[in-house]
Structures are given as structure tokens and as C-alpha cells.
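Presented below is the structure to which this report refers.
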Amino acid sequence: MTGKVFLVGAGPGDPGLITVRGAELLSHADVVFYDGLVNPLLLSLSTGRCERTARTRSGNQTIFPQDEINRQLISEARAGHCVVRLKGGDPYVFGRGSEEARALLDADVPFEIVPGITAATAAGVYAGFSYTHRDHSSAVAFVTGTETTASGSSRVDYDALSHFPGTLVFYMGLARVQSICDRLIDSGMAPDTPSAVVSHASLPDQRVVTAELSQLADTVKQKSMRAPSLIVVGECVNQRNTTSWFEALPLFGLRIGITRAEHQSDDVVHTVVRAGGQPVLLPMIDILPPDQQQQHNLETTIDDLQSYDWLIFTSANAVREFMKQLWERGQDARKLHQLKIAVMGASTAAELERWCLHADIVPEQSGSESLAQVLKPIVSGKRCLWPAADRARNTLAELLTSAGAAIRKVVCYRHVNVSESDELRQRFSEARVDWIGISSPVIACQVAGLFPQLTEKNCSTKIVSISQLTTDAARDAGLTVHAQAAKASWTDMLRAIAVTTDHSMMDNS
Ligand code: SAH
């Protein structure tokens, strides 16, 4: 029983730049081995086991020699697994992908290769220069910068490069930028040739410096540019002022702390990334399955659904967890055929639609009081089932009971506050978060307790709040609120950040 290995290009950094084929394979993989250049946000596409295989040390990560990586790919495939080997950029552009493919071939392990957008392509587009603009350049060369040494023992032909009729892009050259520029000039290239270094291309911390070739190394040093970086040499660099779009995105460069439960963060993460920001997951809430007793109650209720008239959902989580349970009990939506369904608001209705169900009642204003207002005249004498979080407020049940309904709350998930977590504390301080979003009074208190540095006067992290209620609670907890959403949603919190940071309004999807 042999599995298969897929060598997949992850793209240059922006998680949106993986291919459709790459994303599809990630979602099927049993095991993913990813290298140090891969954006970890891509791993959320996979439900398989993910292991980092960097060949250089970062933090306390292990160093993986290439032979060891090859061995692991082969042994996982031989165990029958679908293995994705995810590599930054394109696997065959300075990526040692061909060496891995060779090792698989020798071991008789089947494989496929999926190309990726290489760093150079992304750097040109995201920094705003076209390498082959027809007025300036009719060719582009991708060159390794690591072979270049001061003593000149290099396979790279600098005489040829200095007369190359187009743009040069050097990979892996940051540490040797001085010697690369010197050798080009010594071989006859004009010292005032436009040149640039692009670091972290396509990522929120993308930085670009430009200089004449003779000044580039000094500029790079002054500006403390960091790897991974590319060196670009050619006339195209001068176009940058007119065509750079990425750095103009509304949240460009901002690291934004997202306090939602992790599995509910996808939409916000997506919006932040598409607006040029860096999401930092700081979940203050965890969603857990019901405990044993609650699970038992839920199951017996599901077996007895025919005795209810109304099904009421007050959160999208409740819809999802309830429908999952129904499915796991061997049932499906047909079991709900005689029930009327009421939901709290638009996002709960949207989750219901994902299960191909229409809500009979969606109040215009979201909230227990509004929902009760609509339901009161029609539920008298009816039996209502309310699957909800363990700590859902009881207001709805009280209001409907007083209107003569028989309402039964059944717990279908638990909401747990994260109040102690060394991992989150460490993530928060390492990520140098620019803004943190707080979406309820409870979260305001948790944030103040977990990250006490936020209550200090000179703290550089700013706070955006979802509503006046939350702003007041945050102030009571000793926090300074720098912006407040116009409407109570995460999108509006992000918009408030963009406005406060003086970027244009967000209009990208
Ligand atoms: N296979 C990769 C390249 C791997 S070699 C690709 O196709 O992009 C590693 C080098 O790639 C780095 O030293 C740097 O020069 C370049 N690189 C990778 N990602 C980059 C990024 N986001 N921005 C700038 N350079 C990058």
C-alpha cells in the first residue's frame, strides 16, 4: 500500500497566492511537511498532521537536514499516506524540489509536482515594478546570490550578467549584497543603474528600498533590511512610484489581534489579509462540545424532535453544533420537517442556509428582546426547543414562558473563557500587535487580565472596541480605547482601525 507525495508550491507569502490545485491537495493531505518560508495561515486549509521542516533554526525549532526530509517523505508515503510537501514559492525555483523528486523517483514512490508563484514574480507585482516592461527590458534573469563570494569562486558569470539585456533578480543574496553590486559594477554595469531590495514580498511586513547600484548595500544596511529578500537590478525599479498598490491597502503593515474563538476567526482573518494586514490569533473564547450529561440530554431531545413545534437558534454556533449532532445521530434535515424555525439575526440565518434551511422568523433587529417580541404572539401554548450555549442568557426563555410557551433549552456547546494561557501571552508579546479588537465586555476584562501591559500608559498596542457598552467596560478595566466601530461587527472594527490609521476606507473583498 503506497501513498503518494505531492510537491506543492505555496507561493511567496500571501496565503491567497497558492494555486487552486495546491489548496485542494492540502485539504486532502494526511501529512503536510512545510518549509520555513511557508505562511502558517495556509495550514488551516489542512486537517492533516503538519510538520515544519526548516533547514535553518528559527526560535527553538528543529533543524532538518535535506536527507532527513527525503527519508520522511518516503516513509510516510510507504505507510499509505497522502503527503503534501509544501515549499515556499515554486518548488523548482531555488527550492531543492528537484532533489526531493529525484529521491522519490529512486525510492519508487509515486509523486506529482504543483508549481507555485515564485518570490520574484510576487515581489515585482507587489512592489510595483514590471521586470519586462517593453520600453525598458526584454528579458529577466533569476540568479542565485549565495554562490557569490569576494574571492570570486562562483559559477555565476558576472561579465554576462552585467551586459544582460534586461532585469536581474537575485535570490538569497541579502547577506552578500555588497559583493553582488561590486562585481556587477566591476564587470561593467553602470554604478547608477536603478536597483532595489524587496523583503517579505507580498506579506504585510513587505519593505522596499531603492538606490543606485553603487549605493544599494549602504542603503540596505541603514534600513536594516531582513531576509527573505530579493535584489532587483534594472530600469524597472524606477516605475515603482506610479504602480505600487499593495502598500496602499487600508490595513497594510498592521498586526491585528483577533480575540474571537479560533474556529470562528476565518472570516476576520481573510478580511485582514485582503486589506494588507497581519492577523494575530489571540482567542479569548474556546468552544467545547457539551459535557457528558449535556450530551445525553441533547441526544434524547434529538430522538424526540417530533414533539416540538418551534426550533429556536440564537447563534450560528448553535445551528452548526445542533445540525452536526443531528447528522451524527444518523438523522438529517428531514427530521425537522414539522418544525417552524426562528433565528436571532442575519448571521444565524446565514448559517442555517448553509444547511439548506430557511428561517421562518428573522427579526429585523438582532437580540433576545427583539426575537421574543416577534415570537410572543405566535408561540402561546406551543412547545419550543432552544439549542444553545451553556451560558446563553436566559432572557429569551423567560420572555417566551411569560407569553405562555413551553420552552426547553438544551446545551449543544460550551463557551469557555480563556483567562490563563502562557502561550497566548507569549504570542501577544512576540507579535508586537498594533491593534487588538475587543468584541464584548467580558473580552475586555479578559484582555486586561491576560495582557496587563495594555493598561500601561506608553503601551504601543491600540484598542478598537465593538460598541459603547464594550468601550465602557474596557475603560473600567483600565484600558484606553482608541477607536470604536460604527456598527457592532468585526468588519466595522477593522474599518475603524483603517480610518483611525488614516488609510482609505476598506473597499476590497
Ligand atoms: N522556492 C522559492 C525560493 C526559495 S530560495 C521561490 O520560488 O520563491 C529562498 C530565497 O527566496 C530567499 O533567500 C529570498 O531571496 C527569496 N524569497 C522567498 N520568499 C520571499 C519573499 N516573500 N520576499 C522576498 N524574497 C523571498
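Lettering and numbering for the C-alpha cells are positional, with chains as A, B, ... in the shown order, residues counted from 1 in each chain, and ligands counted from 1 in the shown order.
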Return as JSON lines the residues of chain A lying at most 8 Å from ligand 1, together with the closest atom-to-atom pair for each and the distance in Å to one decimal, counting only C-alpha atoms and all ligand atoms, with rows in chain order and ascending residue number.
```
{"residue": "A:Gly9", "atom": "CA", "partner": "ligand 1", "partner_atom_place_in_ligand_line": "1 (N)", "distance": 7.5}
{"residue": "A:Gly11", "atom": "CA", "partner": "ligand 1", "partner_atom_place_in_ligand_line": "8 (O)", "distance": 6.9}
{"residue": "A:Pro12", "atom": "CA", "partner": "ligand 1", "partner_atom_place_in_ligand_line": "22 (N)", "distance": 4.7}
{"residue": "A:Gly13", "atom": "CA", "partner": "ligand 1", "partner_atom_place_in_ligand_line": "22 (N)", "distance": 5.1}
{"residue": "A:Leu37", "atom": "CA", "partner": "ligand 1", "partner_atom_place_in_ligand_line": "19 (N)", "distance": 6.1}
{"residue": "A:Lys87", "atom": "CA", "partner": "ligand 1", "partner_atom_place_in_ligand_line": "1 (N)", "distance": 6.5}
{"residue": "A:Gly88", "atom": "CA", "partner": "ligand 1", "partner_atom_place_in_ligand_line": "2 (C)", "distance": 5.0}
{"residue": "A:Gly89", "atom": "CA", "partner": "ligand 1", "partner_atom_place_in_ligand_line": "6 (C)", "distance": 3.4}
{"residue": "A:Asp90", "atom": "CA", "partner": "ligand 1", "partner_atom_place_in_ligand_line": "7 (O)", "distance": 3.8}
{"residue": "A:Pro91", "atom": "CA", "partner": "ligand 1", "partner_atom_place_in_ligand_line": "1 (N)", "distance": 5.1}
{"residue": "A:Tyr92", "atom": "CA", "partner": "ligand 1", "partner_atom_place_in_ligand_line": "1 (N)", "distance": 6.3}
{"residue": "A:Val93", "atom": "CA", "partner": "ligand 1", "partner_atom_place_in_ligand_line": "7 (O)", "distance": 4.5}
{"residue": "A:Phe94", "atom": "CA", "partner": "ligand 1", "partner_atom_place_in_ligand_line": "5 (S)", "distance": 4.8}
{"residue": "A:Gly95", "atom": "CA", "partner": "ligand 1", "partner_atom_place_in_ligand_line": "1 (N)", "distance": 4.0}
{"residue": "A:Arg96", "atom": "CA", "partner": "ligand 1", "partner_atom_place_in_ligand_line": "1 (N)", "distance": 7.8}
{"residue": "A:Gly116", "atom": "CA", "partner": "ligand 1", "partner_atom_place_in_ligand_line": "7 (O)", "distance": 7.0}
{"residue": "A:Ile117", "atom": "CA", "partner": "ligand 1", "partner_atom_place_in_ligand_line": "7 (O)", "distance": 6.6}
{"residue": "A:Thr118", "atom": "CA", "partner": "ligand 1", "partner_atom_place_in_ligand_line": "7 (O)", "distance": 3.6}
{"residue": "A:Ala119", "atom": "CA", "partner": "ligand 1", "partner_atom_place_in_ligand_line": "8 (O)", "distance": 3.7}
{"residue": "A:Ala120", "atom": "CA", "partner": "ligand 1", "partner_atom_place_in_ligand_line": "8 (O)", "distance": 6.5}
{"residue": "A:Ala122", "atom": "CA", "partner": "ligand 1", "partner_atom_place_in_ligand_line": "22 (N)", "distance": 7.7}
{"residue": "A:Ala123", "atom": "CA", "partner": "ligand 1", "partner_atom_place_in_ligand_line": "23 (N)", "distance": 6.4}
{"residue": "A:Gly145", "atom": "CA", "partner": "ligand 1", "partner_atom_place_in_ligand_line": "15 (O)", "distance": 8.0}
{"residue": "A:Phe170", "atom": "CA", "partner": "ligand 1", "partner_atom_place_in_ligand_line": "15 (O)", "distance": 6.7}
{"residue": "A:Tyr171", "atom": "CA", "partner": "ligand 1", "partner_atom_place_in_ligand_line": "15 (O)", "distance": 3.5}
{"residue": "A:Met172", "atom": "CA", "partner": "ligand 1", "partner_atom_place_in_ligand_line": "13 (O)", "distance": 3.3}
{"residue": "A:Gly173", "atom": "CA", "partner": "ligand 1", "partner_atom_place_in_ligand_line": "15 (O)", "distance": 6.2}
{"residue": "A:Leu174", "atom": "CA", "partner": "ligand 1", "partner_atom_place_in_ligand_line": "15 (O)", "distance": 7.3}
{"residue": "A:Val198", "atom": "CA", "partner": "ligand 1", "partner_atom_place_in_ligand_line": "24 (C)", "distance": 5.7}
{"residue": "A:Ser199", "atom": "CA", "partner": "ligand 1", "partner_atom_place_in_ligand_line": "24 (C)", "distance": 4.5}
{"residue": "A:His200", "atom": "CA", "partner": "ligand 1", "partner_atom_place_in_ligand_line": "23 (N)", "distance": 3.8}
{"residue": "A:Ala201", "atom": "CA", "partner": "ligand 1", "partner_atom_place_in_ligand_line": "23 (N)", "distance": 3.7}
{"residue": "A:Ser202", "atom": "CA", "partner": "ligand 1", "partner_atom_place_in_ligand_line": "22 (N)", "distance": 6.0}
{"residue": "A:Leu203", "atom": "CA", "partner": "ligand 1", "partner_atom_place_in_ligand_line": "22 (N)", "distance": 6.6}
{"residue": "A:Gln206", "atom": "CA", "partner": "ligand 1", "partner_atom_place_in_ligand_line": "23 (N)", "distance": 7.4}
{"residue": "A:Ala227", "atom": "CA", "partner": "ligand 1", "partner_atom_place_in_ligand_line": "13 (O)", "distance": 6.4}
{"residue": "A:Pro228", "atom": "CA", "partner": "ligand 1", "partner_atom_place_in_ligand_line": "14 (C)", "distance": 4.2}
{"residue": "A:Ser229", "atom": "CA", "partner": "ligand 1", "partner_atom_place_in_ligand_line": "25 (N)", "distance": 3.8}
{"residue": "A:Leu230", "atom": "CA", "partner": "ligand 1", "partner_atom_place_in_ligand_line": "15 (O)", "distance": 4.5}
{"residue": "A:Ile231", "atom": "CA", "partner": "ligand 1", "partner_atom_place_in_ligand_line": "15 (O)", "distance": 7.7}
```
- Message: Which of segment 318-446 of chain A end up as helix (DSSP H, G or I) when DSSP is run on this backbone - answer as a ChimeraX atom specification?
- Response: /A:318-328,333-336,346-354,368-379,395-402,422-431,441-446
Per-residue nearest contacts of segment 403-431 of chain A to segment 325-335 of chain A (12 Å; only C-alpha atoms) as CSV:
```
residue,atom,partner,partner_atom,distance
A:Val411,CA,A:Gln325,CA,11.5
A:Cys412,CA,A:Gln325,CA,8.3
A:Tyr413,CA,A:Gln325,CA,10.5
```
Can I get the selection written as an mmCIF file, in the first residue's frame, with C-alpha atoms?
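Now in selection_27.cif:
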```cif
data_model
loop_
_atom_site.group_PDB
_atom_site.id
_atom_site.type_symbol
_atom_site.label_atom_id
_atom_site.label_comp_id
_atom_site.auth_asym_id
_atom_site.auth_seq_id
_atom_site.Cartn_x
_atom_site.Cartn_y
_atom_site.Cartn_z
ATOM 1 C CA VAL A 411 -26.992 22.744 25.628
ATOM 2 C CA CYS A 412 -25.314 21.946 22.307
ATOM 3 C CA TYR A 413 -21.908 23.550 23.001
#
```
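Among the candidates A:Ser154, A:Ser489, A:Thr501, A:Thr314, the residue lying nearest to Leu352 of chain A is A:Thr314 (atoms considered: only C-alpha atoms).
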- Could you name the residues that touch segment 215-220 of chain A at 8 Å or less, counting only C-alpha atoms, but leaving out those on the same chain fewer than 5 positions away, as a list in words? Val177, Gln178, Cys181, Ser195, Ala196, Val197, Val209, Thr210 and Met225 of chain A
Given the selection you just returned, output its residues as a file containing all heavy atoms, formatted as a compact mmCIF listing (two decimals), in the first residue's frame.
```txt
# COMPACT_ATOMS: atom_id res chain seq x y z
N VAL A 177 24.99 41.41 -0.47
CA VAL A 177 24.57 42.47 -1.39
C VAL A 177 25.75 43.34 -1.83
O VAL A 177 25.86 43.73 -3.00
CB VAL A 177 23.39 43.29 -0.80
CG1 VAL A 177 23.73 43.92 0.52
CG2 VAL A 177 22.87 44.32 -1.77
N GLN A 178 26.67 43.61 -0.89
CA GLN A 178 27.82 44.45 -1.25
C GLN A 178 28.63 43.79 -2.37
O GLN A 178 28.96 44.42 -3.38
CB GLN A 178 28.70 44.66 -0.01
CG GLN A 178 29.92 45.54 -0.25
CD GLN A 178 29.55 47.02 -0.28
OE1 GLN A 178 29.05 47.54 0.71
NE2 GLN A 178 29.77 47.68 -1.41
N CYS A 181 26.80 43.77 -5.83
CA CYS A 181 26.80 45.07 -6.51
C CYS A 181 28.22 45.41 -7.02
O CYS A 181 28.40 45.85 -8.16
CB CYS A 181 26.32 46.17 -5.58
SG CYS A 181 24.60 45.93 -5.08
N SER A 195 18.30 50.11 -8.66
CA SER A 195 18.25 48.79 -8.02
C SER A 195 17.40 48.87 -6.76
O SER A 195 17.10 49.96 -6.26
CB SER A 195 19.66 48.30 -7.71
OG SER A 195 20.30 49.21 -6.84
N ALA A 196 17.00 47.70 -6.27
CA ALA A 196 16.11 47.67 -5.10
C ALA A 196 16.32 46.39 -4.32
O ALA A 196 16.83 45.39 -4.86
CB ALA A 196 14.66 47.74 -5.58
N VAL A 197 15.92 46.44 -3.07
CA VAL A 197 15.78 45.20 -2.29
C VAL A 197 14.33 45.15 -1.81
O VAL A 197 13.80 46.14 -1.29
CB VAL A 197 16.76 45.16 -1.10
CG1 VAL A 197 16.37 44.09 -0.10
CG2 VAL A 197 18.17 44.89 -1.61
N VAL A 209 13.42 48.99 -0.53
CA VAL A 209 14.31 50.16 -0.60
C VAL A 209 14.87 50.22 -2.01
O VAL A 209 15.09 49.20 -2.65
CB VAL A 209 15.48 50.11 0.42
CG1 VAL A 209 14.97 50.17 1.83
CG2 VAL A 209 16.37 48.91 0.20
N THR A 210 15.06 51.44 -2.49
CA THR A 210 15.64 51.60 -3.82
C THR A 210 16.86 52.50 -3.71
O THR A 210 16.94 53.36 -2.82
CB THR A 210 14.63 52.24 -4.80
OG1 THR A 210 14.24 53.50 -4.27
CG2 THR A 210 13.39 51.39 -4.97
N MET A 225 17.40 45.96 6.42
CA MET A 225 16.52 45.02 5.70
C MET A 225 16.80 43.60 6.17
O MET A 225 17.93 43.25 6.49
CB MET A 225 16.77 45.12 4.19
CG MET A 225 16.50 46.48 3.62
SD MET A 225 14.78 46.98 3.79
CE MET A 225 14.06 46.14 2.39
```
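Distances to Leu311 of chain A were evaluated for A:Phe246, A:Ala350, A:Trp386, A:Ser44 using only C-alpha atoms, and the minimum falls at A:Trp386.
Look at Val433 of chain A: the protein and nucleic acid residues within 6 Å of it, using only C-alpha atoms and passing over chain neighbours fewer than 5 places away, are Arg255, Ile256 and Thr461 of chain A.
For the atom pair formed by atom CA of Leu479 of chain A and atom CA of Lys462 of chain A, the distance is 9.5 Å, given to one decimal.
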- Message: Would you pick out the contacts of Glu364 of chain A at 9 Å or less, using only C-alpha atoms, so that residues sharing its chain but fewer than 6 positions from it are not included, and give the list as a ChimeraX atom specification?
- Response: /A:345-346,370-371
Just N, CA, C and O atoms for this one: save the residues we selected as a short mmCIF file (atom, residue, chain, number, x, y, z; two decimals), in the first residue's frame.
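Listing of out_22.cif after writing:
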```
data_model
loop_
_atom_site.label_atom_id
_atom_site.label_comp_id
_atom_site.auth_asym_id
_atom_site.auth_seq_id
_atom_site.Cartn_x
_atom_site.Cartn_y
_atom_site.Cartn_z
N GLY A 345 -30.81 36.47 14.25
CA GLY A 345 -30.47 37.57 13.35
C GLY A 345 -29.85 37.03 12.07
O GLY A 345 -29.85 35.82 11.81
N ALA A 346 -29.31 37.95 11.28
CA ALA A 346 -28.87 37.61 9.93
C ALA A 346 -27.75 36.56 9.90
O ALA A 346 -27.77 35.66 9.05
N SER A 370 -35.79 41.48 20.85
CA SER A 370 -36.47 41.63 19.56
C SER A 370 -37.06 40.30 19.11
O SER A 370 -38.18 40.25 18.58
N LEU A 371 -36.30 39.23 19.31
CA LEU A 371 -36.81 37.92 18.87
C LEU A 371 -38.05 37.55 19.68
O LEU A 371 -39.07 37.10 19.11
#
```
What lies within 7 Å of Ser162 of chain A using only C-alpha atoms, ignoring chain neighbours under 5 positions off, as a tab-separated table (two decimals) with N, CA and C atoms, in the first residue's frame?
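Saved result, part_30.tsv, follows:
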```tsv
chain	number	residue	atom	x	y	z
A	184	LEU	N	29.03	43.41	-10.16
A	184	LEU	CA	28.33	43.88	-11.36
A	184	LEU	C	29.01	45.14	-11.89
A	187	SER	N	32.31	44.51	-13.45
A	187	SER	CA	32.21	43.85	-14.77
A	187	SER	C	31.63	44.79	-15.83
A	188	GLY	N	31.34	46.04	-15.45
A	188	GLY	CA	30.95	46.99	-16.49
A	188	GLY	C	29.55	47.57	-16.38
A	189	MET	N	28.80	47.19	-15.36
A	189	MET	CA	27.45	47.77	-15.24
A	189	MET	C	27.56	49.20	-14.68
```
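Between atom CA of Ser265 of chain A and atom CA of Asp434 of chain A there is a distance of 18.0 Å.
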- Item | Near-segment 438-452 of chain A list (10 Å; only C-alpha atoms; drop same-chain fewer than 2 positions) as a ChimeraX atom specification | /A:257-260,282-285,417-422,424-426,428-429,435-436,454-456,459,463-479,481,484-485,488-490,493
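Shortest atom-to-atom contact with Val499 of chain A among A:Ala139, A:Leu249, A:Ala318, A:Ile378: A:Leu249, counting only C-alpha atoms.
Rounded to one decimal, atom CA of Ala405 of chain A and atom CA of Trp355 of chain A lie 26.7 Å from each other.
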- Message: I need the strand (DSSP E) residues of segment 253-299 of chain A per DSSP on the backbone, written as an NGL selection string.
- Response: :A and (255-258 or 278-281 or 285-288)
